[in-house]
>>> print(open('run_38.txt').read())   # compact mmCIF, C-alpha atoms
# COMPACT_ATOMS: atom_id res chain seq x y z
CA MET A 1 -19.69 84.95 -46.05
CA PHE A 2 -20.33 81.19 -45.50
CA LYS A 3 -23.80 79.80 -45.05
CA THR A 4 -22.52 77.31 -42.46
CA LYS A 5 -19.48 77.34 -40.21
CA ARG A 6 -18.65 73.87 -41.47
CA ASN A 7 -17.72 75.17 -44.90
CA ALA A 8 -15.58 77.87 -43.32
CA MET A 9 -13.76 75.15 -41.34
CA ARG A 10 -13.24 73.08 -44.46
CA VAL A 11 -11.78 76.08 -46.29
CA ALA A 12 -9.52 76.77 -43.28
CA ASP A 13 -8.38 73.14 -43.37
CA GLY A 14 -7.73 73.39 -47.12
CA ASP A 15 -10.50 70.98 -48.11
CA LEU A 16 -12.30 73.69 -50.12
CA PRO A 17 -10.72 76.42 -52.32
CA ARG A 18 -10.30 79.90 -50.95
CA ASP A 19 -11.24 81.56 -54.27
CA ALA A 20 -13.95 84.16 -54.40
CA LEU A 21 -14.12 84.75 -50.71
CA GLY A 22 -15.29 88.08 -49.51
CA ALA A 23 -13.70 89.99 -46.70
CA ALA A 24 -16.12 88.55 -44.18
CA GLY A 25 -15.42 85.05 -45.50
CA GLN A 26 -11.67 85.64 -45.36
CA ALA A 27 -12.01 86.83 -41.75
CA GLN A 28 -14.13 83.78 -40.83
CA VAL A 29 -11.60 81.41 -42.43
CA ALA A 30 -8.73 83.19 -40.74
CA ALA A 31 -10.50 82.86 -37.38
CA PHE A 32 -10.96 79.10 -37.87
CA ALA A 33 -7.35 78.72 -39.08
CA LYS A 34 -6.19 80.47 -35.94
CA LEU A 35 -8.40 78.27 -33.79
CA SER A 36 -7.07 75.17 -35.56
CA ALA A 37 -3.50 76.31 -34.94
CA GLU A 38 -4.26 76.83 -31.29
CA VAL A 39 -5.78 73.37 -31.00
CA ARG A 40 -2.74 71.79 -32.64
CA GLY A 41 -0.53 73.74 -30.28
CA VAL A 42 -2.42 72.44 -27.26
CA GLU A 43 -2.24 68.87 -28.63
CA ALA A 44 1.50 69.18 -29.09
CA ALA A 45 1.90 70.54 -25.58
CA ARG A 46 -0.09 67.58 -24.13
CA ALA A 47 2.01 65.11 -26.06
CA SER A 48 5.25 66.62 -24.80
CA ALA A 49 3.88 66.61 -21.21
CA GLY A 50 3.56 62.77 -21.30
CA ILE A 51 -0.18 62.59 -21.49
CA PRO A 52 -1.02 59.15 -22.98
CA ASP A 53 -1.73 58.99 -26.58
CA PHE A 54 -4.85 56.89 -27.20
CA GLU A 55 -3.69 55.91 -30.63
CA MET A 56 -0.44 54.59 -29.23
CA MET A 57 -2.35 52.76 -26.48
CA PHE A 58 -4.59 51.03 -28.99
CA ALA A 59 -1.54 50.17 -31.10
CA GLY A 60 0.02 48.58 -28.02
CA VAL A 61 -3.14 46.60 -27.26
CA GLU A 62 -3.28 45.34 -30.83
CA ALA A 63 0.40 44.35 -30.67
CA ARG A 64 -0.18 42.44 -27.43
CA VAL A 65 -3.22 40.63 -28.84
CA GLU A 66 -1.20 39.70 -31.89
CA ALA A 67 1.69 38.43 -29.71
CA GLU A 68 -0.66 36.24 -27.63
CA ARG A 69 -2.24 34.83 -30.77
CA ARG A 70 1.22 33.97 -32.07
CA GLU A 71 2.25 32.35 -28.74
CA ALA A 72 -0.92 30.24 -28.69
CA ALA A 73 -0.28 29.09 -32.25
CA GLU A 74 3.30 28.13 -31.38
CA ALA A 75 2.16 26.25 -28.28
CA ALA A 76 -0.38 24.33 -30.34
CA GLN A 77 2.37 23.35 -32.73
CA THR A 78 4.59 21.97 -29.94
CA GLY A 79 1.86 19.57 -28.70
CA TRP A 80 -1.60 19.61 -27.26
CA LEU A 81 -0.40 19.04 -23.69
CA ALA A 82 2.15 21.81 -23.86
CA GLY A 83 -0.47 23.99 -25.47
CA VAL A 84 -3.01 23.35 -22.76
CA ILE A 85 -0.47 23.80 -19.99
CA GLY A 86 0.92 26.86 -21.67
CA SER A 87 -2.43 28.58 -21.98
CA ARG A 88 -3.81 27.75 -18.50
CA PRO A 89 -1.05 26.16 -16.41
CA LEU A 90 -2.87 26.41 -13.09
CA TRP A 91 -6.09 24.92 -14.44
CA VAL A 92 -4.20 21.86 -15.64
CA LEU A 93 -1.40 21.40 -13.13
CA ALA A 94 -3.50 21.87 -9.98
CA PRO A 95 -6.04 19.08 -10.72
CA ALA A 96 -3.25 16.84 -12.03
CA GLY A 97 -1.24 17.34 -8.85
CA ALA A 98 -4.30 16.65 -6.70
CA MET A 99 -5.01 13.46 -8.65
CA ILE A 100 -1.43 12.23 -8.25
CA MET A 101 -1.57 12.94 -4.51
CA ALA A 102 -4.88 11.08 -4.20
CA LEU A 103 -3.52 8.08 -6.12
CA ALA A 104 -0.38 7.97 -3.99
CA LEU A 105 -2.42 8.18 -0.78
CA GLY A 106 -4.78 5.48 -2.01
CA TRP A 107 -1.88 3.21 -2.94
CA VAL A 108 -0.29 3.64 0.48
CA LEU A 109 -3.55 3.02 2.32
CA MET A 110 -4.65 0.10 0.17
CA SER A 111 -1.39 -1.73 -0.12
CA GLY A 112 0.24 -0.83 3.16
CA GLY A 113 3.51 -2.11 1.76
CA GLU A 114 3.67 -5.87 1.93
CA PRO A 115 0.52 -7.78 2.86
CA ARG A 116 0.38 -8.44 6.57
CA PRO A 117 0.37 -12.15 7.40
CA ASP A 118 -2.39 -13.63 9.49
CA ASN A 119 -0.56 -15.13 12.45
CA THR A 120 -3.68 -15.85 14.43
CA CYS A 121 -2.93 -18.95 16.46
CA PHE A 122 -5.47 -21.07 18.30
CA VAL A 123 -3.76 -22.90 21.16
CA ASP A 124 -5.89 -25.98 21.75
CA SER A 125 -3.83 -27.57 24.50
CA TYR A 126 -0.49 -27.48 26.26
CA ASP A 127 1.15 -29.60 28.88
CA ALA A 128 4.46 -29.78 30.72
CA ASP A 129 5.59 -31.75 33.71
CA LYS A 130 7.60 -28.87 35.10
CA GLY A 131 7.87 -25.16 34.67
CA SER A 132 5.21 -22.64 33.83
CA ILE A 133 3.46 -22.04 30.56
CA PHE A 134 2.16 -18.65 29.44
CA VAL A 135 0.38 -18.00 26.19
CA ASP A 136 1.05 -14.47 25.02
CA GLN A 137 -1.12 -13.30 22.17
CA ASN A 138 -2.89 -10.19 20.95
CA PRO A 139 -6.32 -11.11 19.58
CA ASP A 140 -6.78 -7.57 18.22
CA ASP A 141 -3.75 -7.82 15.93
CA PRO A 142 -3.73 -10.83 13.60
CA ALA A 143 -0.22 -9.96 12.40
CA ALA A 144 1.26 -10.27 15.88
CA ALA A 145 2.41 -13.82 16.47
CA THR A 146 1.49 -15.90 19.48
CA VAL A 147 4.28 -16.78 21.91
CA ILE A 148 4.01 -19.89 24.06
CA TRP A 149 6.41 -19.19 26.90
CA VAL A 150 7.73 -22.23 28.74
CA VAL A 151 9.72 -21.04 31.73
CA ASP A 152 11.53 -23.27 34.18
CA GLU A 153 10.52 -22.30 37.70
CA GLU A 154 14.15 -22.68 38.80
CA GLU A 155 15.18 -20.12 36.22
CA GLY A 156 12.39 -17.79 37.34
CA MET B 1 -30.62 -76.37 12.44
CA ARG B 2 -31.35 -75.30 8.91
CA CYS B 3 -32.84 -72.10 10.21
CA ASP B 4 -29.67 -71.33 12.18
CA GLY B 5 -27.52 -71.87 9.10
CA ALA B 6 -29.56 -69.39 7.10
CA ARG B 7 -29.34 -66.89 9.91
CA VAL B 8 -25.57 -67.21 10.03
CA LEU B 9 -25.38 -66.89 6.26
CA ARG B 10 -27.50 -63.72 6.37
CA ALA B 11 -25.31 -62.33 9.13
CA VAL B 12 -22.16 -63.03 7.13
CA LEU B 13 -23.68 -61.42 4.05
CA ALA B 14 -24.74 -58.42 6.07
CA TRP B 15 -21.20 -58.01 7.39
CA LEU B 16 -19.80 -58.32 3.89
CA VAL B 17 -22.19 -55.69 2.57
CA ALA B 18 -21.36 -53.38 5.48
CA ALA B 19 -17.65 -53.85 4.88
CA MET B 20 -18.09 -53.05 1.19
CA VAL B 21 -20.09 -49.94 2.05
CA VAL B 22 -17.35 -48.81 4.41
CA VAL B 23 -14.70 -49.44 1.75
CA VAL B 24 -16.67 -47.63 -0.95
CA LEU B 25 -17.55 -44.64 1.22
CA GLY B 26 -14.11 -44.55 2.71
CA ALA B 27 -12.36 -44.41 -0.64
CA PRO B 28 -13.13 -40.72 -1.36
CA ALA B 29 -12.00 -39.83 2.14
CA THR B 30 -8.68 -41.50 1.44
CA ALA B 31 -8.45 -39.76 -1.91
CA SER B 32 -9.05 -36.36 -0.33
CA ALA B 33 -6.29 -36.82 2.24
CA ASP B 34 -4.70 -33.78 3.82
CA PRO B 35 -2.41 -31.86 1.49
CA LYS B 36 1.28 -31.67 2.15
CA ALA B 37 2.66 -28.72 4.03
CA VAL B 38 6.00 -26.97 4.28
CA VAL B 39 6.95 -26.68 7.93
CA SER B 40 9.85 -24.44 8.94
CA VAL B 41 11.41 -24.42 12.38
CA THR B 42 13.96 -21.74 13.26
CA VAL B 43 15.88 -21.66 16.53
CA ILE B 44 16.75 -18.06 17.39
CA HIS B 45 19.02 -16.77 20.12
CA ALA B 46 17.55 -13.49 21.31
CA LYS B 47 18.98 -11.15 23.89
CA LYS B 48 19.35 -7.55 24.84
CA GLY B 49 22.47 -5.74 23.77
CA PRO B 50 23.77 -4.29 20.55
CA PRO B 51 21.18 -4.56 17.79
CA HIS B 52 21.81 -7.47 15.48
CA LEU B 53 19.60 -9.30 13.04
CA ASN B 54 20.72 -12.35 11.10
CA ALA B 55 20.14 -11.63 7.41
CA ALA B 56 18.00 -14.74 7.06
CA LEU B 57 15.61 -13.30 9.65
CA LYS B 58 14.89 -10.14 7.68
CA PRO B 59 11.61 -11.50 6.25
CA MET B 60 10.51 -12.22 9.82
CA TRP B 61 11.70 -8.91 11.25
CA ASP B 62 8.31 -7.20 11.32
CA THR B 63 6.78 -10.13 13.16
CA LEU B 64 9.69 -10.32 15.63
CA ARG B 65 9.52 -6.60 16.31
CA GLN B 66 5.74 -6.60 16.72
CA THR B 67 5.78 -9.66 18.95
CA PHE B 68 8.78 -9.06 21.22
CA GLY B 69 9.02 -5.28 21.02
CA GLU B 70 11.72 -3.94 23.31
CA LYS B 71 12.45 -7.27 25.00
CA PHE B 72 15.31 -8.12 22.66
CA ALA B 73 17.58 -6.32 20.21
CA TYR B 74 19.90 -9.15 19.18
CA TYR B 75 18.57 -12.00 17.02
CA GLU B 76 20.83 -14.77 15.73
CA ILE B 77 19.88 -18.08 14.11
CA LEU B 78 21.27 -21.14 15.88
CA ASN B 79 19.57 -23.87 13.91
CA GLN B 80 16.81 -24.28 11.39
CA ALA B 81 14.99 -26.88 9.33
CA SER B 82 12.36 -26.67 6.63
CA GLN B 83 10.69 -29.65 5.06
CA LYS B 84 7.73 -30.54 2.90
CA VAL B 85 5.88 -33.13 4.94
CA ASP B 86 2.76 -35.26 4.89
CA SER B 87 0.27 -35.11 7.68
CA GLY B 88 1.73 -36.74 10.78
CA ALA B 89 5.37 -36.24 9.86
CA PRO B 90 7.63 -34.23 12.19
CA VAL B 91 10.21 -31.59 11.39
CA ASP B 92 12.99 -31.86 13.98
CA VAL B 93 15.71 -29.52 15.09
CA LYS B 94 18.20 -29.86 17.90
CA LEU B 95 18.34 -27.15 20.55
CA PRO B 96 21.68 -25.96 21.96
CA ASN B 97 21.18 -28.06 25.08
CA GLY B 98 20.79 -31.16 22.91
CA GLN B 99 17.05 -31.33 23.39
CA ARG B 100 14.86 -32.31 20.45
CA PHE B 101 12.26 -29.84 19.22
CA ALA B 102 9.68 -31.30 16.87
CA ALA B 103 6.91 -29.58 14.95
CA ILE B 104 4.40 -32.10 13.64
CA TYR B 105 1.95 -31.11 10.93
CA ASN B 106 -1.36 -32.86 11.53
CA GLY B 107 -3.48 -31.92 8.54
CA ILE B 108 -6.02 -29.17 8.10
CA THR B 109 -9.31 -28.49 9.81
CA PRO B 110 -12.30 -29.28 7.58
CA ASP B 111 -14.19 -26.06 8.20
CA LYS B 112 -11.68 -23.23 8.01
CA GLY B 113 -8.69 -24.98 6.51
CA LEU B 114 -6.42 -24.13 9.45
CA LEU B 115 -3.21 -26.12 9.74
CA ARG B 116 -2.92 -28.26 12.85
CA VAL B 117 0.58 -28.29 14.32
CA ASN B 118 1.77 -30.16 17.38
CA VAL B 119 4.97 -29.25 19.17
CA GLU B 120 7.07 -31.57 21.29
CA MET B 121 10.07 -30.41 23.29
CA GLY B 122 11.16 -32.60 26.16
CA GLU B 123 8.14 -33.03 28.39
CA PHE B 124 6.39 -30.04 26.87
CA ARG B 125 3.52 -30.65 24.44
CA THR B 126 1.18 -28.27 22.72
CA LYS B 127 -1.38 -28.39 19.93
CA VAL B 128 -2.21 -25.32 17.89
CA ARG B 129 -4.06 -24.34 14.74
CA ILE B 130 -2.70 -21.60 12.49
CA HIS B 131 -3.58 -20.01 9.16
CA ASP B 132 -1.79 -21.01 6.00
CA GLY B 133 1.61 -19.28 6.15
CA GLY B 134 1.17 -18.24 9.76
CA VAL B 135 3.91 -18.34 12.36
CA PHE B 136 3.99 -18.82 16.11
CA PHE B 137 6.80 -18.89 18.65
CA GLN B 138 7.80 -21.09 21.51
CA ALA B 139 10.16 -19.29 23.86
CA GLY B 140 11.51 -19.18 27.37
CA GLN B 141 14.56 -21.44 27.55
CA LYS B 142 17.63 -19.57 28.78
CA HIS B 143 20.75 -19.64 26.62
CA ASP B 144 24.02 -17.70 26.72
CA GLY B 145 22.71 -14.61 28.43
CA GLY B 146 19.56 -14.56 26.39
CA THR B 147 16.51 -16.58 25.49
CA LEU B 148 15.80 -19.24 22.91
CA ILE B 149 12.94 -18.44 20.57
CA VAL B 150 11.73 -21.18 18.26
CA ALA B 151 9.70 -19.92 15.33
CA VAL B 152 7.35 -22.42 13.70
CA ARG B 153 5.80 -21.60 10.36
CA ALA B 154 3.54 -23.87 8.33
CA MET B 155 2.14 -23.33 4.87
CA LEU B 156 0.28 -25.57 2.52
CA ASP B 157 2.31 -26.93 -0.36
CA LYS B 158 0.90 -25.25 -3.49
CA ASN B 159 2.71 -27.57 -5.93
>>> encode(input="run_38.txt", output="structure tokens")
Amino acid sequence: MFKTKRNAMRVADGDLPRDALGAAGQAQVAAFAKLSAEVRGVEAARASAGIPDFEMMFAGVEARVEAERREAAEAAQTGWLAGVIGSRPLWVLAPAGAMIMALALGWVLMSGGEPRPDNTCFVDSYDADKGSIFVDQNPDDPAAATVIWVVDEEEG
Amino acid sequence: MRCDGARVLRAVLAWLVAAMVVVVLGAPATASADPKAVVSVTVIHAKKGPPHLNAALKPMWDTLRQTFGEKFAYYEILNQASQKVDSGAPVDVKLPNGQRFAAIYNGITPDKGLLRVNVEMGEFRTKVRIHDGGVFFQAGQKHDGGTLIVAVRAMLDKN
């Protein structure tokens, strides 16, 4: 007879020798061996039923971590920019795109293509013996040129 | 009699001194005479009809479009002249009817540096002031189903 069940389990598992066991000890070991066989049977049944195996899951996680570490190392070797973009593409490309858009907008607004000429014209005097004279100008738009119309009254 | 002679002498001396002062003070004014300017006069035949723009008018297209809008679609150059001139010198072109059109650069204003330009065309006269590089138009004369537009541009000579 065993003092603790633990020793009986160890004998059933083969960790301790079976020598010098009494009948009660043999029965106790046999009971644990049977229990162990039943547990293994249940485990095998779960595995065949597709129940996830935690050991396989952890192996997969470790493989994925290793793959990411390898990808990061390769990206770092191809260049810091490619590495940065490769690791966090959205964090890099979104601000860069916004900056390019802002620069383009600023360039368009600031330059406005070619500089607009200042065609402001101050008409100090005009005189004609015949016909009519009209001064056509837009004081709100310096780029618009002044037109001094001289129209013969006969022509209308 | 002696007193009169001295008075005359003093008067003559005073005139001489005044003349010298005028000469001395006038010298810088002569030295800082108005700079030369490049005056360009372009006679344009404008009319409605199929769109047309003389290639030489492309630099002026924005101004033409802004100024005349939908009035005209056809722009052709009939005559043009461009000269570097001193103040007071005219730049002449002949209009299709044989009339003389003259743009006369008359120096710059002392305060804002605007270019003074006079225009003479037949009995018509006008005086304007424009910015360096600015352009203005004289228009209204009928020609070949359209209108004559004379563009006058003046810019200071930078050389």
>>> residues_near_point(input="run_38.txt", point="(12.7, -21.3, 21.5)", cutoff="12 Å", atoms="only C-alpha atoms", output="PDB file with C-alpha atoms, keeping the file's coordinate frame")
ATOM      1  CA  VAL A 147       4.280 -16.780  21.910  1.00  0.00           C
ATOM      2  CA  ILE A 148       4.010 -19.890  24.060  1.00  0.00           C
ATOM      3  CA  TRP A 149       6.410 -19.190  26.900  1.00  0.00           C
ATOM      4  CA  VAL A 150       7.730 -22.230  28.740  1.00  0.00           C
ATOM      5  CA  VAL A 151       9.720 -21.040  31.730  1.00  0.00           C
TER       6      VAL A 151
ATOM      7  CA  VAL B  41      11.410 -24.420  12.380  1.00  0.00           C
ATOM      8  CA  THR B  42      13.960 -21.740  13.260  1.00  0.00           C
ATOM      9  CA  VAL B  43      15.880 -21.660  16.530  1.00  0.00           C
ATOM     10  CA  ILE B  44      16.750 -18.060  17.390  1.00  0.00           C
ATOM     11  CA  HIS B  45      19.020 -16.770  20.120  1.00  0.00           C
ATOM     12  CA  ALA B  46      17.550 -13.490  21.310  1.00  0.00           C
ATOM     13  CA  TYR B  75      18.570 -12.000  17.020  1.00  0.00           C
ATOM     14  CA  GLU B  76      20.830 -14.770  15.730  1.00  0.00           C
ATOM     15  CA  ILE B  77      19.880 -18.080  14.110  1.00  0.00           C
ATOM     16  CA  LEU B  78      21.270 -21.140  15.880  1.00  0.00           C
ATOM     17  CA  ASN B  79      19.570 -23.870  13.910  1.00  0.00           C
ATOM     18  CA  GLN B  80      16.810 -24.280  11.390  1.00  0.00           C
ATOM     19  CA  VAL B  93      15.710 -29.520  15.090  1.00  0.00           C
ATOM     20  CA  LYS B  94      18.200 -29.860  17.900  1.00  0.00           C
ATOM     21  CA  LEU B  95      18.340 -27.150  20.550  1.00  0.00           C
ATOM     22  CA  PRO B  96      21.680 -25.960  21.960  1.00  0.00           C
ATOM     23  CA  ASN B  97      21.180 -28.060  25.080  1.00  0.00           C
ATOM     24  CA  GLN B  99      17.050 -31.330  23.390  1.00  0.00           C
ATOM     25  CA  ARG B 100      14.860 -32.310  20.450  1.00  0.00           C
ATOM     26  CA  PHE B 101      12.260 -29.840  19.220  1.00  0.00           C
ATOM     27  CA  ALA B 102       9.680 -31.300  16.870  1.00  0.00           C
ATOM     28  CA  VAL B 119       4.970 -29.250  19.170  1.00  0.00           C
ATOM     29  CA  GLU B 120       7.070 -31.570  21.290  1.00  0.00           C
ATOM     30  CA  MET B 121      10.070 -30.410  23.290  1.00  0.00           C
ATOM     31  CA  PHE B 136       3.990 -18.820  16.110  1.00  0.00           C
ATOM     32  CA  PHE B 137       6.800 -18.890  18.650  1.00  0.00           C
ATOM     33  CA  GLN B 138       7.800 -21.090  21.510  1.00  0.00           C
ATOM     34  CA  ALA B 139      10.160 -19.290  23.860  1.00  0.00           C
ATOM     35  CA  GLY B 140      11.510 -19.180  27.370  1.00  0.00           C
ATOM     36  CA  GLN B 141      14.560 -21.440  27.550  1.00  0.00           C
ATOM     37  CA  LYS B 142      17.630 -19.570  28.780  1.00  0.00           C
ATOM     38  CA  HIS B 143      20.750 -19.640  26.620  1.00  0.00           C
ATOM     39  CA  GLY B 146      19.560 -14.560  26.390  1.00  0.00           C
ATOM     40  CA  THR B 147      16.510 -16.580  25.490  1.00  0.00           C
ATOM     41  CA  LEU B 148      15.800 -19.240  22.910  1.00  0.00           C
ATOM     42  CA  ILE B 149      12.940 -18.440  20.570  1.00  0.00           C
ATOM     43  CA  VAL B 150      11.730 -21.180  18.260  1.00  0.00           C
ATOM     44  CA  ALA B 151       9.700 -19.920  15.330  1.00  0.00           C
ATOM     45  CA  VAL B 152       7.350 -22.420  13.700  1.00  0.00           C
TER      46      VAL B 152
END
>>> interface_residues(input="run_38.txt", of="chain B", to="chain A", cutoff="6 Å", atoms="all atoms listed in the file", output="PyMOL selection string")
chain B and resi 66-67+123-130+134-140
>>> atom_distance(input="run_38.txt", atom1="atom CA of B:Leu115", atom2="atom CA of B:Val85")
12.4 Å
>>> atom_distance(input="run_38.txt", atom1="atom CA of A:Phe32", atom2="atom CA of A:Met9")
6.0 Å
>>> atom_distance(input="run_38.txt", atom1="atom CA of B:Lys112", atom2="atom CA of B:Pro35")
14.2 Å
>>> axis_aligned_box(input="run_38.txt", around="stretch 37-47 of chain B", padding_each_side="5 Å", output="AutoDock Vina command-line options")
--center_x 10.8 --center_y -19.9 --center_z 14.0 --size_x 26.4 --size_y 27.6 --size_z 29.9
>>> closest_residue(input="run_38.txt", among="B:Arg153, B:Gly5, B:Lys47, B:Val39", to="B:Thr63", atoms="only C-alpha atoms")
B:Arg153
>>> closest_residue(input="run_38.txt", among="A:Ala45, A:Met99, A:Met57, A:Ala8", to="A:Gly25", atoms="all atoms listed in the file")
A:Ala8
